[in-house]
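Asks: Next up is a structure, given as structure tokens.
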Amino acid sequence: MGFEIAKTNSILSKLATSEEHGENSPYFDGWKAYDSDPFHPLKNPNGVIQMGLAENQLCLDLIEDWIKRNPKASICSNEGIKSFRAIANFQDYHGLPEFRRAIAKFMEKTRGGRVRFDPERVVMAGGATGANETIIFCLADPGDAFLVPSPYYPAFNRDLRWRTGVQLLPIHCESSNNFKITSKAVKEAYENAQKSNIKVRGLILTNPSNPLGTTLDKDTLKSLLSFTNQHNIHLVCDEIYAATVFDTPQFVSIAEVLDEKEMTYCNKDLVHIVYSLSKDMGLPGFRIGIVYSFNDDVVNCARKMSSFGLVSTQTQYFLAAMLSDEKFVDNFLTESAIRLAKRHKHFTNGLEEVGIKCLKNNAGLFCWMDLRPLLRESTFDSEMSLWRVIINDVKLNVSPGSSFECQEPGWFRVCFANMDDGTVDIALARIRRFVRVEKSGDESSAMEKKQQWKKNNLRLSFSKRMYDESVLSPLSSPIPPSPLVR
């Protein structure tokens, strides 16, 4: 085995064999556990429920209904076949004009119409992953660094570092102030980099936050924008969760802050936005990533680089039609917020029944769950032990805080919008039983707890009637069945 690995490494590039992809993270290990034993209400009711996937499946029925009413939007339908040849032919990397206009308009709507976006600055990429990597390639050289508030999205290590060769320097945020980013923490991280002779090229913000599900207020954004301008470094704002806000306060885009009179002194050339339709529309499979920069040179460079990750013209054509339907978009955004709020309330109330608290959040497709009371001791080893029990025995794929570079053990991200109502209730039942076992046996050994798990049949058994098609049909429930359940 060792010989095979050595042989493989000798014939492949250093980049190809690098560990910088981050696939050995617990974040991805949880996905592997789900892939090897996926939950299904009938075929595998004891399987792992996927709660590590930040996907918005709560409004796909609205998109399906629109498709049925607008068959011309697809070149693969009888009604749309007339446009097949024009769309199937070669298109340059600027993208269809109608697509860029529709994206710019949609970005405006998701920001409450308080800001305008120029379609000529919309650059396509293969999902947010491609968009993030593209902007880093434009702004930095190998060895340069970006500051990132932690906890942050685990796959940033892949998206931003792996092929670009840049470093990510965490700005540590603490639970004592609800993980809010402070000027002191930003300054400290920047100065530490300077002392280590690390060239800091910018600050990366995820707003709304993944994994916290919180939004940055206008004053904080102004402060961070002033800091980056003062030090002549870039500010990259990942705003892919902009339309997942389901409670106050409202989302504030960095573009809105730039329009403030008091910020006119700021150099717009240093500000860039990453966007996507993966979260706001629930369309990750369409691979729609957007780089929007206020810097002309960055727009031109990013557009050249987009050749390596273009969006298919068929997809552009379809989305241009759908996003140009203002009545549909308005209804979709309103209904999405309502359904997210309802699901979030149902899920967090279910956790509170057994004393599990989450960081108060107003956005996102997940909760930042506080399981510190269940740790044997306040260490990351204890966090990983708890995570393994949740994965292997409770059969839930939740993501441990350490994979998000959280500095405090015991926090977990748990996603709630990628499944139907029935699956959510099963997940909550498993969590509640697990917590009750843990609390009832604080002095019990690990083996005794495992035996108690088996005795109580923690994997749960549910009747087939609960999942009868008539029960879970879109006609009887506003939430469509998850593809995971199908």
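FYI, nothing fancy with the structure tokens labels: chains A, B, ... in order, residues from 1 per chain, ligands from 1 as they appear.
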Got a sec to tell me which of range 225-395 of chain A DSSP assigns to strand (DSSP E), as a PyMOL selection string?
Replies: chain A and resi 234-238+271-276+288-293+357-358+366-370
Asks: Those same residues - C-alpha atoms - I'd like them written as a short mmCIF file (atom, residue, chain, number, x, y, z; two decimals), in the first residue's frame.
Replies:
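Result file follows (again31.cif):
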```cif
data_model
loop_
_atom_site.label_atom_id
_atom_site.label_comp_id
_atom_site.auth_asym_id
_atom_site.auth_seq_id
_atom_site.Cartn_x
_atom_site.Cartn_y
_atom_site.Cartn_z
CA HIS A 234 -9.18 44.29 -0.62
CA LEU A 235 -12.59 43.60 0.89
CA VAL A 236 -14.31 40.53 -0.56
CA CYS A 237 -17.91 40.01 0.55
CA ASP A 238 -19.44 36.58 0.04
CA VAL A 271 -14.39 46.09 -3.04
CA HIS A 272 -15.74 42.88 -4.58
CA ILE A 273 -18.86 40.71 -4.15
CA VAL A 274 -19.29 36.97 -4.62
CA TYR A 275 -22.83 35.76 -5.29
CA SER A 276 -24.64 32.59 -6.33
CA ILE A 288 -24.39 29.65 -10.98
CA GLY A 289 -21.58 31.66 -9.46
CA ILE A 290 -21.12 35.41 -9.85
CA VAL A 291 -18.16 37.73 -9.35
CA TYR A 292 -19.24 41.36 -9.09
CA SER A 293 -16.40 43.84 -8.75
CA LYS A 357 -29.73 26.20 22.71
CA CYS A 358 -28.55 27.76 19.46
CA PHE A 366 -28.71 26.19 9.52
CA CYS A 367 -28.30 26.75 13.24
CA TRP A 368 -25.11 27.10 15.28
CA MET A 369 -25.96 24.53 17.96
CA ASP A 370 -24.43 24.72 21.43
#
```
Asks: Taking 6 positions as the minimum chain separation for residues in the same chain, which residues sit within 12 Å of range 74-89 of chain A when counting only C-alpha atoms? Answer as JSON, numbers by chain.
Replies: {"A": [66, 67, 68, 95, 96, 312, 313, 314, 315, 316, 317, 318, 319, 320, 321, 322]}
Asks: May I have the residues from that selection written out with C-alpha atoms, as a CSV table (one decimal), in the first residue's frame?
Replies:
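For reference, again_4.csv as written:
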```csv
chain,number,residue,atom,x,y,z
A,66,TRP,CA,-43.2,28.1,-12.9
A,67,ILE,CA,-41.6,25.7,-15.3
A,68,LYS,CA,-45.0,24.0,-16.0
A,95,GLY,CA,-22.6,35.4,-21.1
A,96,LEU,CA,-26.0,36.1,-22.6
A,312,SER,CA,-24.0,26.6,-19.9
A,313,THR,CA,-26.0,28.8,-22.3
A,314,GLN,CA,-29.0,26.5,-21.8
A,315,THR,CA,-29.0,27.3,-18.1
A,316,GLN,CA,-28.5,31.0,-18.7
A,317,TYR,CA,-31.4,31.0,-21.1
A,318,PHE,CA,-33.7,29.3,-18.7
A,319,LEU,CA,-32.8,31.5,-15.7
A,320,ALA,CA,-32.9,34.7,-17.8
A,321,ALA,CA,-36.6,33.9,-18.4
A,322,MET,CA,-37.4,32.9,-14.9
```
Asks: To one decimal in Å, tell me the separation between CA of Ala242 in chain A and CA of Glu98 in chain A.
Replies: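 CA of Ala242 in chain A sits 22.1 Å away from CA of Glu98 in chain A.
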Asks: Considering only C-alpha atoms, can you say which of A:Phe227, A:Phe179, A:Phe156, A:Phe347 comes closest to Glu23 in chain A?
Replies: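 When distances to Glu23 in chain A are compared using only C-alpha atoms, the smallest one comes from A:Phe156.
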Asks: Mind checking which residues fall within 7 Å of Asp37 in chain A, counting only C-alpha atoms, ignoring those fewer than 4 positions away in the same chain, and posting them as a compact mmCIF listing (two decimals) with C-alpha atoms, in the first residue's frame?
Replies:
```txt
# COMPACT_ATOMS: atom_id res chain seq x y z
CA ALA A 33 -20.70 8.69 6.50
CA GLY A 47 -29.61 5.41 8.02
CA VAL A 48 -27.73 8.67 8.50
```
Asks: Tell me, as a PyMOL selection string, which residues lie within 12 Å of Val298 in chain A, counting only C-alpha atoms; anything in the same chain fewer than 4 positions away does not count.
Replies: chain A and resi 121-123+134-140+234+268-273+291-294+302-306
Asks: Using N, CA and C atoms, can you export the residues from the last selection as a CSV table (one decimal), in the first residue's frame?
Replies:
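Now in part26.csv:
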```csv
chain,number,residue,atom,x,y,z
A,121,ARG,N,-20.9,44.4,-15.1
A,121,ARG,CA,-19.9,44.0,-14.1
A,121,ARG,C,-20.2,42.6,-13.6
A,122,VAL,N,-21.2,42.0,-14.1
A,122,VAL,CA,-21.6,40.6,-13.7
A,122,VAL,C,-20.7,39.6,-14.5
A,123,VAL,N,-19.9,38.9,-13.7
A,123,VAL,CA,-19.0,37.9,-14.3
A,123,VAL,C,-19.4,36.5,-13.9
A,134,THR,N,-11.8,32.4,-8.4
A,134,THR,CA,-11.5,33.3,-9.4
A,134,THR,C,-11.1,34.7,-8.8
A,135,ILE,N,-11.8,35.2,-7.9
A,135,ILE,CA,-11.5,36.5,-7.3
A,135,ILE,C,-10.2,36.4,-6.6
A,136,ILE,N,-9.8,35.3,-5.9
A,136,ILE,CA,-8.5,35.1,-5.3
A,136,ILE,C,-7.4,35.1,-6.3
A,137,PHE,N,-7.6,34.4,-7.4
A,137,PHE,CA,-6.6,34.4,-8.5
A,137,PHE,C,-6.3,35.8,-9.0
A,138,CYS,N,-7.4,36.6,-9.0
A,138,CYS,CA,-7.3,38.0,-9.5
A,138,CYS,C,-6.5,38.9,-8.5
A,139,LEU,N,-6.7,38.7,-7.3
A,139,LEU,CA,-6.2,39.6,-6.2
A,139,LEU,C,-4.9,39.2,-5.6
A,140,ALA,N,-4.5,38.0,-5.6
A,140,ALA,CA,-3.3,37.6,-4.8
A,140,ALA,C,-2.4,36.6,-5.5
A,234,HIS,N,-7.9,44.6,0.0
A,234,HIS,CA,-9.2,44.3,-0.6
A,234,HIS,C,-10.2,43.9,0.4
A,268,LYS,N,-13.4,52.3,-4.2
A,268,LYS,CA,-14.3,51.2,-4.7
A,268,LYS,C,-13.5,50.1,-5.4
A,269,ASP,N,-12.4,50.4,-5.9
A,269,ASP,CA,-11.6,49.4,-6.6
A,269,ASP,C,-11.2,48.3,-5.7
A,270,LEU,N,-11.3,48.5,-4.4
A,270,LEU,CA,-10.8,47.5,-3.5
A,270,LEU,C,-12.0,46.6,-3.0
A,271,VAL,N,-13.2,46.8,-3.5
A,271,VAL,CA,-14.4,46.1,-3.0
A,271,VAL,C,-15.0,45.1,-4.1
A,272,HIS,N,-15.3,43.9,-3.7
A,272,HIS,CA,-15.7,42.9,-4.6
A,272,HIS,C,-16.8,42.0,-3.9
A,273,ILE,N,-17.8,41.5,-4.7
A,273,ILE,CA,-18.9,40.7,-4.1
A,273,ILE,C,-18.9,39.4,-4.9
A,291,VAL,N,-19.1,36.8,-9.9
A,291,VAL,CA,-18.2,37.7,-9.3
A,291,VAL,C,-18.6,39.1,-9.8
A,292,TYR,N,-18.8,40.0,-8.8
A,292,TYR,CA,-19.2,41.4,-9.1
A,292,TYR,C,-18.2,42.3,-8.4
A,293,SER,N,-17.4,43.0,-9.3
A,293,SER,CA,-16.4,43.8,-8.7
A,293,SER,C,-16.6,45.3,-9.2
A,294,PHE,N,-16.2,46.2,-8.3
A,294,PHE,CA,-16.3,47.6,-8.6
A,294,PHE,C,-15.0,48.1,-9.3
A,302,ALA,N,-11.3,38.7,-14.4
A,302,ALA,CA,-12.2,37.6,-14.0
A,302,ALA,C,-12.9,37.0,-15.1
A,303,ARG,N,-13.3,37.9,-16.1
A,303,ARG,CA,-14.0,37.4,-17.2
A,303,ARG,C,-13.2,36.5,-18.1
A,304,LYS,N,-11.9,36.8,-18.2
A,304,LYS,CA,-11.0,36.0,-19.0
A,304,LYS,C,-10.9,34.6,-18.3
A,305,MET,N,-10.7,34.7,-17.0
A,305,MET,CA,-10.6,33.4,-16.2
A,305,MET,C,-11.9,32.6,-16.2
A,306,SER,N,-13.0,33.2,-16.4
A,306,SER,CA,-14.3,32.5,-16.4
A,306,SER,C,-14.3,31.5,-17.5
```
Asks: What does the distance between CA of Val329 in chain A and CA of Val115 in chain A come to in Å, to one decimal place?
Replies: 17.0 Å
Asks: Quick one: residues within 12 Å of Leu386 in chain A, only C-alpha atoms, excluding same-chain residues fewer than 4 positions away - as number ranges by chain?
Replies: A: 371-382, 390-394, 396, 398-401, 409-412, 434-435, 438, 446
Asks: May I have the selected residues written with C-alpha atoms, as a PDB file, in the first residue's frame?
Replies:
```pdb
ATOM      1  CA  LEU A 371     -23.629  21.227  22.731  1.00  0.00           C
ATOM      2  CA  ARG A 372     -21.014  22.345  25.239  1.00  0.00           C
ATOM      3  CA  PRO A 373     -23.076  20.953  28.146  1.00  0.00           C
ATOM      4  CA  LEU A 374     -22.723  17.469  26.618  1.00  0.00           C
ATOM      5  CA  LEU A 375     -18.918  17.525  26.478  1.00  0.00           C
ATOM      6  CA  ARG A 376     -17.086  15.414  29.055  1.00  0.00           C
ATOM      7  CA  GLU A 377     -14.482  18.154  29.189  1.00  0.00           C
ATOM      8  CA  SER A 378     -13.943  21.402  27.297  1.00  0.00           C
ATOM      9  CA  THR A 379     -11.504  20.056  24.697  1.00  0.00           C
ATOM     10  CA  PHE A 380     -11.577  19.418  20.978  1.00  0.00           C
ATOM     11  CA  ASP A 381     -10.877  15.732  21.624  1.00  0.00           C
ATOM     12  CA  SER A 382     -14.108  15.637  23.611  1.00  0.00           C
ATOM     13  CA  ILE A 390     -23.770  11.604  16.816  1.00  0.00           C
ATOM     14  CA  ILE A 391     -22.594  10.290  13.429  1.00  0.00           C
ATOM     15  CA  ASN A 392     -22.303   6.576  14.272  1.00  0.00           C
ATOM     16  CA  ASP A 393     -25.021   6.030  16.893  1.00  0.00           C
ATOM     17  CA  VAL A 394     -27.543   8.866  16.571  1.00  0.00           C
ATOM     18  CA  LEU A 396     -27.091  12.404  12.076  1.00  0.00           C
ATOM     19  CA  VAL A 398     -23.869  17.436  11.802  1.00  0.00           C
ATOM     20  CA  SER A 399     -20.631  19.399  11.429  1.00  0.00           C
ATOM     21  CA  PRO A 400     -18.302  19.998  14.409  1.00  0.00           C
ATOM     22  CA  GLY A 401     -17.198  23.550  15.137  1.00  0.00           C
ATOM     23  CA  PRO A 409     -15.137  23.260  21.532  1.00  0.00           C
ATOM     24  CA  GLY A 410     -18.753  22.149  21.646  1.00  0.00           C
ATOM     25  CA  TRP A 411     -20.398  24.114  18.841  1.00  0.00           C
ATOM     26  CA  PHE A 412     -21.966  22.303  15.868  1.00  0.00           C
ATOM     27  CA  PHE A 434     -29.879  11.101  22.602  1.00  0.00           C
ATOM     28  CA  VAL A 435     -29.809  14.110  24.927  1.00  0.00           C
ATOM     29  CA  GLU A 438     -26.818  11.564  28.009  1.00  0.00           C
ATOM     30  CA  ALA A 446     -19.712   4.917  27.473  1.00  0.00           C
TER      31      ALA A 446
END
```
Asks: Neighbours of Ser25 in chain A within 9 Å (only C-alpha atoms; same-chain residues fewer than 3 positions away dropped), as a PDB file with all heavy atoms, in the first residue's frame?
Replies:
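This is the output file around21.pdb:
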```pdb
ATOM      1  N   GLY A  22      -8.363  19.679   1.722  1.00  0.00           N
ATOM      2  CA  GLY A  22      -9.131  19.676   2.961  1.00  0.00           C
ATOM      3  C   GLY A  22     -10.142  18.556   3.074  1.00  0.00           C
ATOM      4  O   GLY A  22     -11.005  18.565   3.951  1.00  0.00           O
ATOM      5  N   PHE A  28     -16.049  16.929   5.788  1.00  0.00           N
ATOM      6  CA  PHE A  28     -16.250  16.031   4.652  1.00  0.00           C
ATOM      7  C   PHE A  28     -16.411  14.582   5.095  1.00  0.00           C
ATOM      8  O   PHE A  28     -17.074  13.790   4.426  1.00  0.00           O
ATOM      9  CB  PHE A  28     -15.088  16.167   3.661  1.00  0.00           C
ATOM     10  CG  PHE A  28     -15.087  17.473   2.918  1.00  0.00           C
ATOM     11  CD1 PHE A  28     -14.144  18.447   3.200  1.00  0.00           C
ATOM     12  CD2 PHE A  28     -16.031  17.739   1.946  1.00  0.00           C
ATOM     13  CE1 PHE A  28     -14.140  19.663   2.521  1.00  0.00           C
ATOM     14  CE2 PHE A  28     -16.042  18.948   1.262  1.00  0.00           C
ATOM     15  CZ  PHE A  28     -15.094  19.912   1.555  1.00  0.00           C
ATOM     16  N   ASP A  29     -15.817  14.215   6.235  1.00  0.00           N
ATOM     17  CA  ASP A  29     -15.989  12.854   6.752  1.00  0.00           C
ATOM     18  C   ASP A  29     -17.457  12.581   7.058  1.00  0.00           C
ATOM     19  O   ASP A  29     -17.945  11.465   6.887  1.00  0.00           O
ATOM     20  CB  ASP A  29     -15.151  12.657   8.023  1.00  0.00           C
ATOM     21  CG  ASP A  29     -13.663  12.531   7.718  1.00  0.00           C
ATOM     22  OD1 ASP A  29     -13.326  12.261   6.549  1.00  0.00           O
ATOM     23  OD2 ASP A  29     -12.854  12.707   8.651  1.00  0.00           O
ATOM     24  N   GLY A  30     -18.165  13.609   7.529  1.00  0.00           N
ATOM     25  CA  GLY A  30     -19.594  13.450   7.797  1.00  0.00           C
ATOM     26  C   GLY A  30     -20.378  13.159   6.530  1.00  0.00           C
ATOM     27  O   GLY A  30     -21.318  12.348   6.540  1.00  0.00           O
ATOM     28  N   PRO A 154     -15.888  25.578   6.097  1.00  0.00           N
ATOM     29  CA  PRO A 154     -14.731  24.692   5.984  1.00  0.00           C
ATOM     30  C   PRO A 154     -14.154  24.577   4.567  1.00  0.00           C
ATOM     31  O   PRO A 154     -12.938  24.475   4.398  1.00  0.00           O
ATOM     32  CB  PRO A 154     -15.272  23.339   6.457  1.00  0.00           C
ATOM     33  CG  PRO A 154     -16.416  23.678   7.326  1.00  0.00           C
ATOM     34  CD  PRO A 154     -17.034  24.901   6.726  1.00  0.00           C
ATOM     35  N   SER A 403     -14.133  22.074  12.622  1.00  0.00           N
ATOM     36  CA  SER A 403     -13.933  22.069  11.167  1.00  0.00           C
ATOM     37  C   SER A 403     -14.203  23.441  10.563  1.00  0.00           C
ATOM     38  O   SER A 403     -13.840  23.712   9.419  1.00  0.00           O
ATOM     39  CB  SER A 403     -14.827  21.014  10.497  1.00  0.00           C
ATOM     40  OG  SER A 403     -16.195  21.306  10.669  1.00  0.00           O
TER      41      SER A 403
END
```
